[in-house]
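Student: Input protein-v7.cif, format and content: mmCIF, C-alpha atoms and all ligand atoms.
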data_target
loop_
_atom_site.label_atom_id
_atom_site.label_comp_id
_atom_site.auth_asym_id
_atom_site.auth_seq_id
_atom_site.Cartn_x
_atom_site.Cartn_y
_atom_site.Cartn_z
CA MET A 78 8.90 25.69 14.23
CA ARG A 79 6.60 23.86 11.84
CA THR A 80 7.97 23.39 8.34
CA MET A 81 6.35 21.99 5.24
CA GLN A 82 7.88 19.93 2.48
CA PHE A 83 6.19 18.08 -0.34
CA ALA A 84 7.75 16.07 -3.18
CA ILE A 85 6.59 13.93 -6.08
CA ARG A 86 9.68 11.95 -7.07
CA PRO A 87 9.26 9.65 -10.02
CA MET A 88 7.94 10.74 -13.39
CA ILE A 89 4.45 9.21 -13.59
CA HIS A 90 3.17 7.63 -16.82
CA ASP A 91 -0.16 6.07 -17.70
CA TYR A 92 -0.64 3.60 -20.58
CA ASP A 93 -3.63 1.50 -21.63
CA THR A 94 -1.52 -1.57 -22.42
CA PHE A 95 1.89 -3.11 -21.81
CA ALA A 96 2.54 -2.90 -25.58
CA ALA A 97 2.09 0.89 -25.47
CA PHE A 98 4.53 1.13 -22.55
CA GLU A 99 7.05 -1.13 -24.29
CA ASP A 100 6.93 1.00 -27.46
CA ALA A 101 7.21 4.31 -25.61
CA HIS A 102 10.16 3.20 -23.45
CA VAL A 103 11.84 1.07 -26.17
CA VAL A 104 12.07 -2.01 -23.95
CA GLY A 105 14.69 -4.48 -25.24
CA PRO A 106 17.41 -7.02 -24.37
CA ARG A 107 19.34 -4.52 -22.17
CA ASP A 108 16.34 -4.40 -19.79
CA LEU A 109 15.61 -6.83 -16.96
CA ILE A 110 11.92 -7.34 -16.15
CA PHE A 111 11.40 -8.52 -12.57
CA THR A 112 7.92 -9.98 -12.17
CA GLN A 113 5.77 -13.02 -11.44
CA ARG A 114 5.40 -15.92 -13.92
CA ILE A 115 1.61 -15.55 -14.12
CA LEU A 116 1.87 -11.87 -15.07
CA TYR A 117 4.57 -12.64 -17.65
CA LYS A 118 2.45 -15.39 -19.24
CA THR A 119 -0.72 -13.29 -19.22
CA PHE A 120 0.57 -9.92 -20.39
CA PHE A 121 4.08 -9.85 -21.89
CA SER A 122 5.51 -13.28 -22.75
CA HIS A 123 6.64 -11.89 -26.15
CA THR A 124 9.01 -9.30 -24.60
CA GLN A 125 12.63 -9.06 -25.77
CA ALA A 126 13.74 -8.06 -22.28
CA GLN A 127 15.56 -10.41 -19.90
CA THR A 128 13.35 -11.79 -17.11
CA LEU A 129 13.71 -12.61 -13.43
CA PHE A 130 10.80 -14.24 -11.58
CA TYR A 131 9.92 -13.39 -8.00
CA ASP A 132 8.22 -16.78 -7.57
CA ASP A 133 11.54 -18.57 -8.14
CA PHE A 134 12.67 -17.13 -4.79
CA CYS A 135 9.56 -16.58 -2.72
CA ASP A 136 5.93 -17.70 -2.56
CA GLY A 137 4.55 -15.16 -0.09
CA GLU A 138 5.75 -11.82 1.25
CA PRO A 139 9.53 -11.30 0.80
CA THR A 140 11.97 -12.45 3.48
CA ASP A 141 15.54 -11.16 3.88
CA ILE A 142 16.80 -14.63 2.85
CA ALA A 143 14.77 -14.63 -0.38
CA VAL A 144 15.92 -11.11 -1.27
CA ASP A 145 19.57 -12.09 -0.62
CA ALA A 146 19.15 -14.90 -3.18
CA MET A 147 17.61 -12.40 -5.65
CA LEU A 148 20.57 -10.05 -5.08
CA ILE A 149 23.07 -12.81 -5.96
CA ASP A 150 21.19 -13.55 -9.19
CA VAL A 151 20.80 -9.88 -10.19
CA ARG A 152 24.48 -9.06 -9.49
CA SER A 153 25.54 -11.76 -11.97
CA ARG A 154 23.58 -10.15 -14.80
CA ASP A 155 24.36 -7.40 -17.28
CA PHE A 156 21.52 -4.92 -17.89
CA ASP A 157 20.81 -1.16 -17.93
CA ARG A 158 17.27 -0.84 -16.56
CA LEU A 159 15.35 -2.80 -13.95
CA ILE A 160 11.63 -2.87 -14.76
CA ALA A 161 9.59 -4.28 -11.86
CA ILE A 162 6.00 -5.27 -12.62
CA GLY A 163 3.90 -6.60 -9.76
CA GLY A 164 2.29 -5.96 -6.39
CA GLY A 165 3.89 -4.09 -3.51
CA SER A 166 6.20 -6.98 -2.57
CA ILE A 167 7.81 -7.12 -6.00
CA LEU A 168 8.22 -3.34 -6.20
CA ASP A 169 9.73 -3.28 -2.68
CA CYS A 170 12.31 -5.91 -3.69
CA ALA A 171 13.17 -4.06 -6.90
CA LYS A 172 14.15 -0.92 -4.96
CA VAL A 173 16.86 -2.96 -3.23
CA LEU A 174 17.85 -4.98 -6.33
CA ALA A 175 18.64 -1.73 -8.19
CA LEU A 176 21.11 -0.48 -5.54
CA ASN A 177 24.84 -0.29 -6.22
CA SER A 178 26.10 -2.50 -3.40
CA ASN A 179 27.53 -5.92 -2.65
CA GLU A 180 25.98 -6.09 0.82
CA SER A 181 23.29 -8.49 2.04
CA VAL A 182 19.82 -7.26 3.06
CA ASP A 183 20.76 -7.39 6.72
CA SER A 184 23.65 -4.94 6.18
CA LEU A 185 21.64 -2.79 3.76
CA PHE A 186 18.99 -2.36 6.49
CA ALA A 187 21.57 -1.17 9.03
CA GLN A 188 21.12 2.41 10.17
CA GLY A 189 22.78 5.03 7.98
CA VAL A 190 23.50 2.69 5.03
CA GLN A 191 22.37 4.48 1.87
CA PRO A 192 23.96 3.11 -1.33
CA ARG A 193 23.41 4.85 -4.64
CA ARG A 194 21.54 3.28 -7.52
CA LYS A 195 23.32 1.04 -10.03
CA VAL A 196 20.72 0.97 -12.83
CA GLU A 197 17.68 2.94 -13.92
CA LEU A 198 14.51 1.83 -12.08
CA ILE A 199 10.97 1.58 -13.47
CA LEU A 200 8.14 0.44 -11.18
CA SER A 201 4.76 -0.66 -12.51
CA PRO A 202 2.04 -1.76 -10.06
CA THR A 203 -0.39 -4.57 -10.90
CA THR A 204 -2.63 -3.94 -7.88
CA CYS A 205 -4.28 -0.67 -6.90
CA GLY A 206 -3.23 -0.13 -3.33
CA THR A 207 0.22 0.11 -1.82
CA GLY A 208 1.45 3.11 -3.79
CA SER A 209 4.87 1.45 -3.55
CA GLU A 210 5.70 2.71 -7.07
CA VAL A 211 6.04 6.26 -5.72
CA THR A 212 7.60 5.64 -2.29
CA CYS A 213 11.21 4.82 -1.40
CA VAL A 214 10.40 2.25 1.29
CA SER A 215 10.97 -1.51 1.17
CA VAL A 216 9.28 -3.76 3.75
CA PHE A 217 10.67 -7.26 4.29
CA ASP A 218 10.03 -10.03 6.77
CA PHE A 219 13.01 -11.03 8.95
CA PRO A 220 11.90 -14.47 10.23
CA GLU A 221 14.98 -14.84 12.46
CA THR A 222 14.00 -11.79 14.52
CA GLY A 223 10.28 -12.52 14.09
CA SER A 224 9.44 -9.09 12.72
CA LYS A 225 8.65 -7.12 9.60
CA MET A 226 10.90 -4.14 9.00
CA GLY A 227 10.70 -1.28 6.57
CA LYS A 228 13.51 0.96 5.38
CA GLY A 229 13.44 4.03 3.16
CA PHE A 230 16.34 4.18 0.70
CA ASP A 231 17.18 7.58 -0.77
CA ALA A 232 17.84 5.74 -4.05
CA GLY A 233 14.61 3.73 -3.64
CA PHE A 234 12.56 6.33 -5.51
CA ALA A 235 12.10 5.04 -9.07
CA ASP A 236 12.93 7.07 -12.17
CA HIS A 237 9.52 6.22 -13.63
CA ALA A 238 6.27 4.98 -12.08
CA VAL A 239 4.21 3.41 -14.83
CA LEU A 240 0.47 2.78 -14.45
CA ILE A 241 -0.88 0.29 -17.01
CA ASP A 242 -4.68 -0.21 -17.02
CA GLU A 243 -4.42 -3.62 -18.70
CA PHE A 244 -2.82 -5.07 -15.56
CA LEU A 245 -6.06 -4.56 -13.60
CA SER A 246 -8.11 -6.40 -16.25
CA LYS A 247 -7.55 -9.83 -14.67
CA ILE A 248 -6.95 -8.89 -11.03
CA PRO A 249 -8.52 -11.42 -8.60
CA TYR A 250 -11.45 -9.75 -6.78
CA GLN A 251 -9.97 -10.24 -3.31
CA VAL A 252 -6.68 -8.59 -4.36
CA PHE A 253 -8.56 -5.67 -5.91
CA ALA A 254 -10.73 -5.24 -2.81
CA THR A 255 -7.99 -5.36 -0.19
CA SER A 256 -5.46 -3.33 -2.18
CA SER A 257 -7.90 -0.52 -3.02
CA ALA A 258 -9.09 -0.48 0.60
CA ASP A 259 -5.47 -0.01 1.73
CA ALA A 260 -5.20 3.00 -0.60
CA LEU A 261 -8.43 4.37 0.90
CA VAL A 262 -6.98 3.97 4.39
CA HIS A 263 -3.75 5.75 3.36
CA ALA A 264 -5.70 8.69 1.98
CA LEU A 265 -8.07 8.95 4.98
CA GLU A 266 -5.33 8.63 7.60
CA ILE A 267 -2.97 11.10 5.96
CA TYR A 268 -5.75 13.65 5.40
CA LEU A 269 -6.30 13.67 9.17
CA ALA A 270 -2.61 13.55 10.18
CA PRO A 271 -1.47 16.61 12.17
CA LYS A 272 1.37 17.14 9.64
CA ALA A 273 -0.96 17.06 6.61
CA ASN A 274 -0.63 20.07 4.34
CA ALA A 275 -2.50 21.69 1.47
CA TYR A 276 -0.71 19.44 -1.03
CA THR A 277 -1.29 16.09 0.71
CA ASP A 278 -4.93 17.19 1.25
CA VAL A 279 -5.50 17.52 -2.50
CA PHE A 280 -4.10 14.07 -3.26
CA CYS A 281 -5.89 12.43 -0.31
CA LEU A 282 -9.31 13.92 -1.04
CA ALA A 283 -9.07 12.99 -4.73
CA ALA A 284 -8.15 9.41 -3.81
CA VAL A 285 -10.96 9.07 -1.23
CA GLN A 286 -13.51 10.49 -3.67
CA THR A 287 -12.49 8.19 -6.52
CA ILE A 288 -12.42 5.02 -4.42
CA LEU A 289 -15.75 5.70 -2.67
CA ARG A 290 -17.44 6.54 -6.00
CA GLY A 291 -15.96 3.37 -7.50
CA TYR A 292 -17.15 1.22 -4.59
CA LYS A 293 -20.63 2.71 -4.84
CA ARG A 294 -20.75 2.00 -8.57
CA MET A 295 -19.66 -1.54 -7.88
CA THR A 296 -22.43 -2.19 -5.35
CA GLU A 297 -24.91 -0.94 -7.96
CA LEU A 298 -23.49 -2.49 -11.12
CA GLY A 299 -21.40 -5.46 -9.94
CA PRO A 300 -17.65 -6.14 -9.93
CA SER A 301 -17.35 -6.07 -13.74
CA VAL A 302 -17.12 -2.23 -13.53
CA ILE A 303 -13.65 -2.56 -11.98
CA ARG A 304 -12.34 -2.98 -15.51
CA GLU A 305 -13.97 0.24 -16.72
CA ASP A 306 -12.74 2.07 -13.64
CA ALA A 307 -9.18 0.67 -13.75
CA LYS A 308 -7.55 3.97 -14.73
CA ALA A 309 -9.34 5.79 -11.91
CA TYR A 310 -8.36 3.21 -9.26
CA LEU A 311 -4.72 3.16 -10.41
CA ALA A 312 -4.57 6.94 -10.25
CA ALA A 313 -6.29 7.01 -6.84
CA SER A 314 -3.90 4.50 -5.25
CA ASN A 315 -0.97 6.33 -6.85
CA MET A 316 -2.18 9.65 -5.41
CA ALA A 317 -2.58 8.09 -1.96
CA GLY A 318 0.97 6.75 -2.46
CA ILE A 319 2.26 10.25 -3.22
CA ALA A 320 0.74 11.44 0.06
CA LEU A 321 2.29 8.43 1.83
CA ALA A 322 5.73 9.23 0.41
CA ASN A 323 5.48 12.55 2.25
CA ILE A 324 3.62 11.70 5.49
CA LEU A 325 3.28 8.31 7.16
CA ALA A 326 -0.07 6.69 7.93
CA GLY A 327 -1.46 6.69 11.51
CA GLY A 328 -3.33 4.67 14.13
CA VAL A 329 -5.22 2.35 11.79
CA HIS A 330 -1.91 1.21 10.33
CA ALA A 331 -0.31 1.06 13.80
CA ILE A 332 -2.96 -1.34 15.12
CA ALA A 333 -3.08 -3.24 11.81
CA MET A 334 0.71 -3.76 11.58
CA HIS A 335 0.80 -5.52 14.93
CA PHE A 336 -2.35 -7.60 14.36
CA GLY A 337 -1.27 -8.52 10.81
CA SER A 338 2.09 -9.91 11.90
CA GLU A 339 0.59 -11.69 14.93
CA HIS A 340 -2.16 -13.43 12.91
CA HIS A 341 -0.66 -13.40 9.38
CA VAL A 342 -3.42 -11.31 7.82
CA PRO A 343 -2.59 -9.60 4.48
CA HIS A 344 -1.84 -5.88 4.81
CA GLY A 345 -4.84 -4.55 2.84
CA GLU A 346 -7.30 -6.77 4.67
CA VAL A 347 -6.02 -5.83 8.11
CA THR A 348 -5.90 -2.06 7.51
CA ARG A 349 -9.46 -2.13 6.16
CA LEU A 350 -10.50 -4.17 9.22
CA PHE A 351 -9.41 -1.53 11.73
CA LEU A 352 -10.51 1.56 9.74
CA PRO A 353 -14.16 1.82 10.90
CA PRO A 354 -13.64 1.44 14.69
CA VAL A 355 -10.69 3.87 14.77
CA PHE A 356 -12.52 6.48 12.70
CA LYS A 357 -15.66 6.12 14.84
CA ILE A 358 -13.53 6.96 17.90
CA TYR A 359 -11.96 9.95 16.11
CA TYR A 360 -15.41 11.20 15.13
CA GLU A 361 -16.70 10.89 18.69
CA LYS A 362 -13.69 12.72 20.10
CA ALA A 363 -13.35 15.60 17.65
CA PRO A 364 -16.25 15.74 15.17
CA ASN A 365 -15.65 19.37 14.20
CA GLY A 366 -12.07 19.18 12.99
CA LYS A 367 -10.88 17.99 9.59
CA ILE A 368 -12.84 14.76 9.99
CA ALA A 369 -15.98 16.83 9.26
CA ASP A 370 -14.71 17.22 5.65
CA ILE A 371 -14.53 13.43 5.35
CA ALA A 372 -17.96 13.02 6.96
CA ASN A 373 -19.42 15.50 4.44
CA LEU A 374 -17.71 13.77 1.53
CA ILE A 375 -19.09 10.38 2.61
CA GLU A 376 -22.63 11.82 2.79
CA GLU A 377 -22.21 13.55 -0.54
CA ILE A 378 -21.19 10.32 -2.27
CA LEU A 379 -23.07 7.65 -0.32
CA GLY A 380 -26.13 9.65 0.72
CA PRO A 381 -27.30 11.04 4.08
CA CYS A 382 -27.17 8.77 7.11
CA ASP A 383 -30.20 7.71 9.17
CA PRO A 384 -30.95 9.48 12.48
CA GLY A 385 -28.78 8.09 15.25
CA CYS A 386 -26.08 7.01 12.78
CA THR A 387 -22.94 8.78 11.62
CA PRO A 388 -21.41 8.87 8.13
CA PHE A 389 -18.79 6.44 9.45
CA ASP A 390 -21.53 3.83 10.03
CA VAL A 391 -22.49 4.31 6.38
CA LEU A 392 -18.85 3.84 5.35
CA ASP A 393 -18.67 0.71 7.51
CA GLU A 394 -21.74 -0.73 5.72
CA LEU A 395 -20.23 -0.02 2.30
CA LEU A 396 -16.91 -1.63 3.25
CA ALA A 397 -18.74 -4.69 4.60
CA LYS A 398 -20.24 -5.17 1.13
CA VAL A 399 -17.10 -4.51 -0.92
CA VAL A 400 -14.30 -5.80 1.31
CA PRO A 401 -15.77 -8.34 3.75
CA THR A 402 -13.64 -9.30 6.74
CA ARG A 403 -14.01 -11.66 9.70
CA ARG A 404 -14.38 -11.14 13.45
CA LEU A 405 -11.05 -10.90 15.28
CA SER A 406 -11.81 -14.17 17.08
CA GLU A 407 -12.03 -15.89 13.69
CA TYR A 408 -8.47 -14.74 12.93
CA GLY A 409 -7.43 -16.42 16.20
CA MET A 410 -7.52 -13.55 18.74
CA ASP A 411 -8.87 -14.14 22.28
CA ALA A 412 -10.72 -11.36 24.11
CA GLY A 413 -8.05 -11.64 26.85
CA ASP A 414 -5.32 -10.62 24.33
CA ALA A 415 -6.63 -7.07 23.94
CA ASN A 416 -4.62 -5.55 26.80
CA ARG A 417 -1.36 -7.12 25.71
CA TYR A 418 -1.91 -6.18 22.04
CA ALA A 419 -2.68 -2.57 22.98
CA ASP A 420 0.55 -2.38 25.02
CA LYS A 421 2.51 -3.80 22.10
CA VAL A 422 1.02 -1.28 19.65
CA ILE A 423 1.93 1.60 21.97
CA GLU A 424 5.42 0.18 22.51
CA THR A 425 6.33 -0.56 18.87
CA GLN A 426 4.29 1.75 16.62
CA GLN A 427 5.04 5.27 17.87
CA ARG A 428 6.31 6.38 14.44
CA LEU A 429 2.74 5.84 13.17
CA LEU A 430 0.80 6.80 16.31
CA VAL A 431 2.23 10.34 16.17
CA ASN A 432 0.19 10.81 12.98
CA ASN A 433 -3.15 10.17 14.72
CA TYR A 434 -5.96 12.69 14.27
CA THR A 435 -6.56 12.65 18.03
CA PRO A 436 -4.44 10.75 20.54
CA LEU A 437 -5.55 7.13 21.02
CA SER A 438 -5.27 5.96 24.63
CA LYS A 439 -4.72 2.37 25.63
CA THR A 440 -8.43 2.22 26.55
CA ASP A 441 -9.32 3.44 23.03
CA ILE A 442 -7.18 0.74 21.44
CA VAL A 443 -8.70 -1.94 23.66
CA GLN A 444 -12.14 -0.63 22.63
CA VAL A 445 -11.19 -1.01 18.95
CA TYR A 446 -10.39 -4.69 19.52
CA SER A 447 -13.55 -5.34 21.56
CA GLN A 448 -15.79 -3.79 18.87
CA LEU A 449 -14.42 -6.29 16.36
CA MET A 450 -14.34 -9.43 18.56
FE FE B 501 -0.97 0.50 3.91
#
Rewrite the structure from the file as structure tokens, please.
Tutor:
Amino acid sequence: MRTMQFAIRPMIHDYDTFAAFEDAHVVGPRDLIFTQRILYKTFFSHTQAQTLFYDDFCDGEPTDIAVDAMLIDVRSRDFDRLIAIGGGSILDCAKVLALNSNESVDSLFAQGVQPRRKVELILSPTTCGTGSEVTCVSVFDFPETGSKMGKGFDAGFADHAVLIDEFLSKIPYQVFATSSADALVHALEIYLAPKANAYTDVFCLAAVQTILRGYKRMTELGPSVIREDAKAYLAASNMAGIALANILAGGVHAIAMHFGSEHHVPHGEVTRLFLPPVFKIYYEKAPNGKIADIANLIEEILGPCDPGCTPFDVLDELLAKVVPTRRLSEYGMDAGDANRYADKVIETQQRLLVNNYTPLSKTDIVQVYSQLM
């Protein structure tokens, strides 16, 4: 029997500035702000709250060892609310730092372990992509086992997700491009997922529409419009995150997860990389299903495609302008790796592959790699 469930967990707030957020939530010395030094210096160095800096523990994506060191620090402090301000990595760490437990990350990631929360949790994203502020999942790197692992904590849902436009005002272009592209991929993949429902559809279509319109505006007016469109991008990535909290992404993420960890390519870049070839295969296989809605939306926003082309070629061209990527060979892949990579994707990414619009065979996955070599 097919059942449907849909939830929006944290209360969502939107402020123009950090100062407005601080006033509204009466931020003070009983709060601990967990962030990066550069964000602190740029946006809120005057705060009365205590601070903890991610960059004192970690200079890339979080490892279990780095998060264990953060846990030791946080457990020695006295505070009532944890306010995490940063990209997906920082928000993912905060979900674990707010738990009521004395265990290490390794034990917390064991099956069935679900501690309650110790303090109130507020998550504020400074990129426009992961949607981590509205999901309960934390993804960490476990170098000893050579893999990235994600775990959803029941207590990982924040009490408040706070979108602050000001944080996008100084975002580096590459971070904007790859994070917003990841949100676009979330929305497109979940819209086509077999378990999608009327509620996820609304959030996904709104996110796709906003991001494509924003990208089009940017190709016409230049990257300075990102600042004007900040509120729209934050809302779009948040809406895609709401969909993601209910239904996982699919084949694009499955192929990207494996390639990203093999060649150390940032998440947003690698999901954007595999979007066009996977969607072109979907469109070839089943053009009359839900993908027709996406094709129509692309034509409505980006204009009709030339004879012999599909709307997904038009999308590919737009992405090439806004979020340029490299050939797979330039990331270090050999053509001879395609078979082995495809096997690995099928072996390790079933939890995502079940969300595909149409099944992707091994031959399809190999074809995706060869198109991008
Ligand atoms: Fe993603």
Student: Quick one: residues within 6 Å of ligand FE 501 (chain B), with only C-alpha atoms and all ligand atoms, as a ChimeraX atom specification?
Tutor: /A:207,259,263
Student: Considering all atoms listed in the file, can you say which of A:Ile303, A:Ala320, A:Ile288, A:Ala397 comes closest to Ala275 (chain A)?
Tutor: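 Of A:Ile303, A:Ala320, A:Ile288, A:Ala397, the one nearest Ala275 (chain A) is A:Ala320, counting all atoms listed in the file.
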Student: For CA of Thr80 (chain A) and CA of Val279 (chain A), quote the distance in Å rounded to one decimal.
Tutor: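 So the two atoms, CA of Thr80 (chain A) and CA of Val279 (chain A), lie 18.3 Å apart.
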Student: Show me, as a list of chain:residue names, the residues that have an atom within 9 Å of Ala312 (chain A) when counting only C-alpha atoms, minus same-chain residues fewer than 5 positions from it.
Tutor: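 Near neighbours after the sequence-gap exclusion: A:Asp91, A:Cys205, A:Leu240, A:Ala284, A:Thr287, A:Ala307, A:Ala317.
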Student: Please identify all polymer residues lying at most 12 Å from the point (-8.9, 1.1, 24.3) (file coordinates), using all atoms listed in the file, and present the result as a PyMOL selection string.
Tutor: chain A and resi 332+354-355+358+415-420+422-423+436-448
Student: Find, counting all atoms listed in the file, the residue in A:Ile368, A:His90, A:Phe121, A:Val173 that gets nearest to His237 (chain A).
Tutor: A:His90
Student: Can you tell me which residues surround Ala260 (chain A) at a distance of at most 10 Å, considering only C-alpha atoms, apart from same-chain residues fewer than 5 positions away, and format the answer as a PyMOL selection string?
Tutor: chain A and resi 205-208+255+265-266+281+284-285+288+310-311+313-318+321+345+348-349
Student: Which residue is closest to Glu243 (chain A)? Choose from A:Val211, A:Ala146, A:Val216, A:Ala97 and count only C-alpha atoms.
Tutor: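 Distance minimum relative to Glu243 (chain A) lands on A:Ala97.
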Student: Do you have the CA of Ile160 (chain A)-CA of Phe134 (chain A) distance handy?
Tutor: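 Result for CA of Ile160 (chain A) versus CA of Phe134 (chain A): 17.4 Å, one decimal.
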Student: Find, counting all atoms listed in the file, the residue in A:Ala232, A:Leu148, A:Ala309, A:Met88 that gets nearest to Ser201 (chain A).
Tutor: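 Nearest candidate to Ser201 (chain A) out of A:Ala232, A:Leu148, A:Ala309, A:Met88: A:Met88.
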Student: Ranking A:Gln125, A:Leu176, A:Ile199, A:Leu395 by minimum distance to Arg294 (chain A) and counting only C-alpha atoms, which one comes first?
Tutor: A:Leu395
Student: Find the residues around Phe83 (chain A) up to 8 Å (all atoms listed in the file counted), leave out those fewer than 3 positions away in its own chain, and share them as an MDAnalysis selection string.
Tutor: chainID A and resid 276:277 323
Student: Please work out which residues fall within 10 Å of (-21.4, 4.4, 4.6), coordinates as given in the file, with only C-alpha atoms counting, and return them as a PyMOL selection string.
Tutor: chain A and resi 289+293+353+372+375-376+378-382+386-397
Student: Using the structure block above, produce a file of region 238-259 of chain A that contains N, CA and C atoms, as an mmCIF file, in the first residue's frame.
Tutor:
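Now in selection.cif:
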data_model
loop_
_atom_site.group_PDB
_atom_site.id
_atom_site.type_symbol
_atom_site.label_atom_id
_atom_site.label_comp_id
_atom_site.auth_asym_id
_atom_site.auth_seq_id
_atom_site.Cartn_x
_atom_site.Cartn_y
_atom_site.Cartn_z
ATOM 1 N N ALA A 238 14.824 27.632 11.543
ATOM 2 C CA ALA A 238 15.700 27.811 10.383
ATOM 3 C C ALA A 238 15.602 29.282 10.021
ATOM 4 N N VAL A 239 16.737 29.961 9.997
ATOM 5 C CA VAL A 239 16.711 31.411 9.835
ATOM 6 C C VAL A 239 17.449 31.818 8.560
ATOM 7 N N LEU A 240 16.710 32.394 7.611
ATOM 8 C CA LEU A 240 17.303 32.842 6.353
ATOM 9 C C LEU A 240 17.615 34.335 6.472
ATOM 10 N N ILE A 241 18.864 34.713 6.269
ATOM 11 C CA ILE A 241 19.276 36.115 6.413
ATOM 12 C C ILE A 241 19.917 36.571 5.101
ATOM 13 N N ASP A 242 19.218 37.476 4.383
ATOM 14 C CA ASP A 242 19.669 37.896 3.037
ATOM 15 C C ASP A 242 21.098 38.421 3.050
ATOM 16 N N GLU A 243 21.420 39.185 4.113
ATOM 17 C CA GLU A 243 22.735 39.826 4.202
ATOM 18 C C GLU A 243 23.880 38.819 3.996
ATOM 19 N N PHE A 244 23.674 37.583 4.431
ATOM 20 C CA PHE A 244 24.753 36.596 4.329
ATOM 21 C C PHE A 244 25.106 36.266 2.884
ATOM 22 N N LEU A 245 24.187 36.504 1.948
ATOM 23 C CA LEU A 245 24.513 36.228 0.539
ATOM 24 C C LEU A 245 25.199 37.424 -0.134
ATOM 25 N N SER A 246 25.305 38.551 0.605
ATOM 26 C CA SER A 246 25.807 39.775 -0.033
ATOM 27 C C SER A 246 27.282 39.674 -0.408
ATOM 28 N N LYS A 247 28.029 38.809 0.273
ATOM 29 C CA LYS A 247 29.473 38.719 -0.037
ATOM 30 C C LYS A 247 29.864 37.293 -0.395
ATOM 31 N N ILE A 248 28.914 36.497 -0.835
ATOM 32 C CA ILE A 248 29.199 35.086 -1.152
ATOM 33 C C ILE A 248 30.141 35.017 -2.374
ATOM 34 N N PRO A 249 31.225 34.216 -2.304
ATOM 35 C CA PRO A 249 32.082 34.072 -3.492
ATOM 36 C C PRO A 249 31.264 33.456 -4.639
ATOM 37 N N TYR A 250 31.520 33.920 -5.887
ATOM 38 C CA TYR A 250 30.677 33.481 -7.009
ATOM 39 C C TYR A 250 30.609 31.966 -7.131
ATOM 40 N N GLN A 251 31.776 31.308 -7.003
ATOM 41 C CA GLN A 251 31.805 29.851 -7.187
ATOM 42 C C GLN A 251 30.918 29.141 -6.151
ATOM 43 N N VAL A 252 30.917 29.656 -4.926
ATOM 44 C CA VAL A 252 30.088 29.046 -3.867
ATOM 45 C C VAL A 252 28.612 29.269 -4.180
ATOM 46 N N PHE A 253 28.282 30.487 -4.628
ATOM 47 C CA PHE A 253 26.892 30.749 -5.026
ATOM 48 C C PHE A 253 26.475 29.780 -6.138
ATOM 49 N N ALA A 254 27.326 29.673 -7.170
ATOM 50 C CA ALA A 254 26.958 28.909 -8.367
ATOM 51 C C ALA A 254 26.753 27.436 -8.019
ATOM 52 N N THR A 255 27.714 26.848 -7.318
ATOM 53 C CA THR A 255 27.601 25.404 -7.056
ATOM 54 C C THR A 255 26.519 25.105 -6.015
ATOM 55 N N SER A 256 26.345 26.004 -5.036
ATOM 56 C CA SER A 256 25.321 25.694 -4.028
ATOM 57 C C SER A 256 23.910 25.848 -4.618
ATOM 58 N N SER A 257 23.686 26.891 -5.421
ATOM 59 C CA SER A 257 22.349 27.047 -5.998
ATOM 60 C C SER A 257 22.062 25.929 -7.004
ATOM 61 N N ALA A 258 23.109 25.483 -7.711
ATOM 62 C CA ALA A 258 22.913 24.377 -8.658
ATOM 63 C C ALA A 258 22.531 23.098 -7.911
ATOM 64 N N ASP A 259 23.092 22.890 -6.734
ATOM 65 C CA ASP A 259 22.737 21.702 -5.945
ATOM 66 C C ASP A 259 21.251 21.764 -5.550
#
